[in-house]
Amino acid sequence: MIILKSPREVGLIQEAGRVVALAFEKVEPLIQPGVSTQTLNDFIDQLFRDNGAISAELNYCGYPASICASVNEVILHGIPSPKKILRDGDIVTIDIVAKKNGYCADAARTFPVGICSQRALKMIEIAKESFDNAVSLVKPGIHLGDISAAIEATAKSHGCSVAREYTGHGIGRTMHEDPMIPCYGVPGTGPILRKGMTICIEPMILEHNAAVRVLKDGWTVVSKDGGLTSHYENTIVVTDDGYEILTKL
């Protein structure tokens, strides 16, 4: 069931979204060679608490951390660890969900670490381009399949693939609501967007093949061929004639 949000509820999601955006702004300078992903986790967890929010990821279905920190071939659900030290040339995706006053906001960014190859920087750009192309279509009356198809088309135009087992989603009082929003789809299919829908559009891009596997920890998802991955996500609301991004300052 897709839950349409009232203006008050949208405002509460936006409050959580501002905490998410602030976390990205403040953590970015810390993303340097020699820093552990646990350090990033602890910093964001404290920032959330300092701003009246908590991590909706911590203990979600048993997930053991406050953020996901996914490095290089890890496409999502990378578990922070003091042993996982960022190296020059890595790219790392930080995926965070703040819950404040009972409502959630979710976003992800892939950051360069130190001096990165053009190949790695291009992966970061492709994820954002995929998001931009998809979100530009959002308005009441379009099908979710149009959004999904735009993500896949952008990735394919760069010779990349998209995650097929994992999707974007609705959001509100809980981190995951209907509808699911795949990174691939057929235009003109799927639920029709309506004003008040709050959704997370999140292109998850693989450098080569779309095949993935889950590591023994039961969470970490990696590209099967070892290729680089990237991820870009925002929480948005469908408005009268378009959309508004809620995960921004």
# chains A, B, ... in the order shown; residues from 1 in each chain; ligands from 1
>>> select_by_dssp(residues="range 49-240 of chain A", states="helix (DSSP H, G or I)", output="ChimeraX atom specification")
/A:49-50,60-62,118-135,144-157
>>> residues_around(residues="Leu76 in chain A", least_positions_apart="3", cutoff="8 Å", atoms="only C-alpha atoms", output="PyMOL selection string")
chain A and resi 68-70+93+220-222
>>> closest_atom_pairs(of="range 139-248 of chain A", to="range 42-64 of chain A", cutoff="9 Å", atoms="only C-alpha atoms", output="CSV")
residue,atom,partner,partner_atom,distance
A:Thr174,CA,A:Ala56,CA,8.2
A:Met175,CA,A:Ala56,CA,6.8
A:Trp219,CA,A:Tyr63,CA,7.8
>>> write_last_selection(atoms="N, CA, C and O atoms", output="short mmCIF file (atom, residue, chain, number, x, y, z; two decimals), in the first residue's frame")
data_model
loop_
_atom_site.label_atom_id
_atom_site.label_comp_id
_atom_site.auth_asym_id
_atom_site.auth_seq_id
_atom_site.Cartn_x
_atom_site.Cartn_y
_atom_site.Cartn_z
N THR A 174 8.64 4.39 8.40
CA THR A 174 9.64 3.34 8.35
C THR A 174 10.56 3.58 7.16
O THR A 174 10.22 4.29 6.21
N MET A 175 11.74 2.97 7.22
CA MET A 175 12.75 3.17 6.20
C MET A 175 12.29 2.64 4.84
O MET A 175 12.58 3.23 3.81
N TRP A 219 25.48 -9.64 4.94
CA TRP A 219 25.08 -8.29 4.59
C TRP A 219 25.81 -7.73 3.37
O TRP A 219 25.20 -7.21 2.45
#
>>> select_by_dssp(residues="range 110-204 of chain A", states="strand (DSSP E or B)", output="PyMOL selection string")
chain A and resi 110-112+143+161-162+168-170+177-181+192+198-201+204
>>> residues_around(residues="range 23-34 of chain A", least_positions_apart="2", cutoff="9 Å", atoms="only C-alpha atoms", output="count of residues only")
27
>>> closest_residue(among="A:Gly141, A:Pro191, A:Gly78, A:Gly11", to="Gly218 in chain A", atoms="only C-alpha atoms")
A:Gly78
>>> closest_residue(among="A:Gly196, A:Gly185, A:Pro203, A:Gly145", to="Ala163 in chain A", atoms="only C-alpha atoms")
A:Pro203
>>> atom_distance(atom1="CA of Ile147 in chain A", atom2="CA of Leu22 in chain A")
26.8 Å
>>> residues_around(residues="Leu4 in chain A", least_positions_apart="5", cutoff="10 Å", atoms="only C-alpha atoms", output="JSON list (two decimals) with N, CA, C and O atoms, in the first residue's frame")
[["chain", "number", "residue", "atom", "x", "y", "z"],
["A", 9, "GLU", "N", 3.57, 15.81, 7.36],
["A", 9, "GLU", "CA", 4.46, 14.65, 7.32],
["A", 9, "GLU", "C", 5.65, 14.91, 6.40],
["A", 9, "GLU", "O", 6.78, 14.52, 6.71],
["A", 10, "VAL", "N", 5.41, 15.55, 5.27],
["A", 10, "VAL", "CA", 6.51, 15.89, 4.37],
["A", 10, "VAL", "C", 7.51, 16.78, 5.09],
["A", 10, "VAL", "O", 8.74, 16.61, 4.97],
["A", 170, "GLY", "N", 9.65, 3.41, -1.23],
["A", 170, "GLY", "CA", 8.96, 4.45, -0.50],
["A", 170, "GLY", "C", 9.56, 4.61, 0.88],
["A", 170, "GLY", "O", 10.32, 3.77, 1.36],
["A", 172, "GLY", "N", 8.88, 6.79, 4.95],
["A", 172, "GLY", "CA", 8.01, 7.59, 5.81],
["A", 172, "GLY", "C", 8.30, 7.28, 7.27],
["A", 172, "GLY", "O", 9.39, 7.53, 7.75],
["A", 194, "ARG", "N", 1.73, 10.09, -7.57],
["A", 194, "ARG", "CA", 0.71, 11.03, -7.11],
["A", 194, "ARG", "C", 1.34, 12.01, -6.13],
["A", 194, "ARG", "O", 2.31, 11.67, -5.43],
["A", 195, "LYS", "N", 0.78, 13.19, -6.07],
["A", 195, "LYS", "CA", 1.26, 14.19, -5.12],
["A", 195, "LYS", "C", 1.22, 13.61, -3.71],
["A", 195, "LYS", "O", 0.25, 12.95, -3.32],
["A", 196, "GLY", "N", 2.30, 13.85, -2.95],
["A", 196, "GLY", "CA", 2.38, 13.36, -1.59],
["A", 196, "GLY", "C", 3.12, 12.05, -1.44],
["A", 196, "GLY", "O", 3.38, 11.62, -0.30],
["A", 197, "MET", "N", 3.49, 11.40, -2.54],
["A", 197, "MET", "CA", 4.32, 10.21, -2.45],
["A", 197, "MET", "C", 5.73, 10.62, -2.07],
["A", 197, "MET", "O", 6.30, 11.56, -2.63],
["A", 198, "THR", "N", 6.32, 9.95, -1.09],
["A", 198, "THR", "CA", 7.71, 10.17, -0.71],
["A", 198, "THR", "C", 8.49, 8.90, -1.04],
["A", 198, "THR", "O", 8.16, 7.82, -0.55],
["A", 237, "VAL", "N", 9.86, 14.10, -2.61],
["A", 237, "VAL", "CA", 8.41, 14.10, -2.52],
["A", 237, "VAL", "C", 7.86, 14.54, -3.87],
["A", 237, "VAL", "O", 8.41, 15.44, -4.52],
["A", 238, "VAL", "N", 6.79, 13.90, -4.30],
["A", 238, "VAL", "CA", 6.10, 14.30, -5.52],
["A", 238, "VAL", "C", 5.21, 15.50, -5.18],
["A", 238, "VAL", "O", 4.41, 15.45, -4.24]]
>>> closest_residue(among="A:Ile245, A:Met1, A:Leu206, A:Ile79", to="Lys224 in chain A", atoms="only C-alpha atoms")
A:Leu206
>>> atom_distance(atom1="CA of Lys156 in chain A", atom2="CA of His169 in chain A")
21.9 Å
>>> residues_around(residues="Glu152 in chain A", least_positions_apart="3", cutoff="6 Å", atoms="only C-alpha atoms", output="MDAnalysis selection string")
chainID A and resid 149 155 183:184
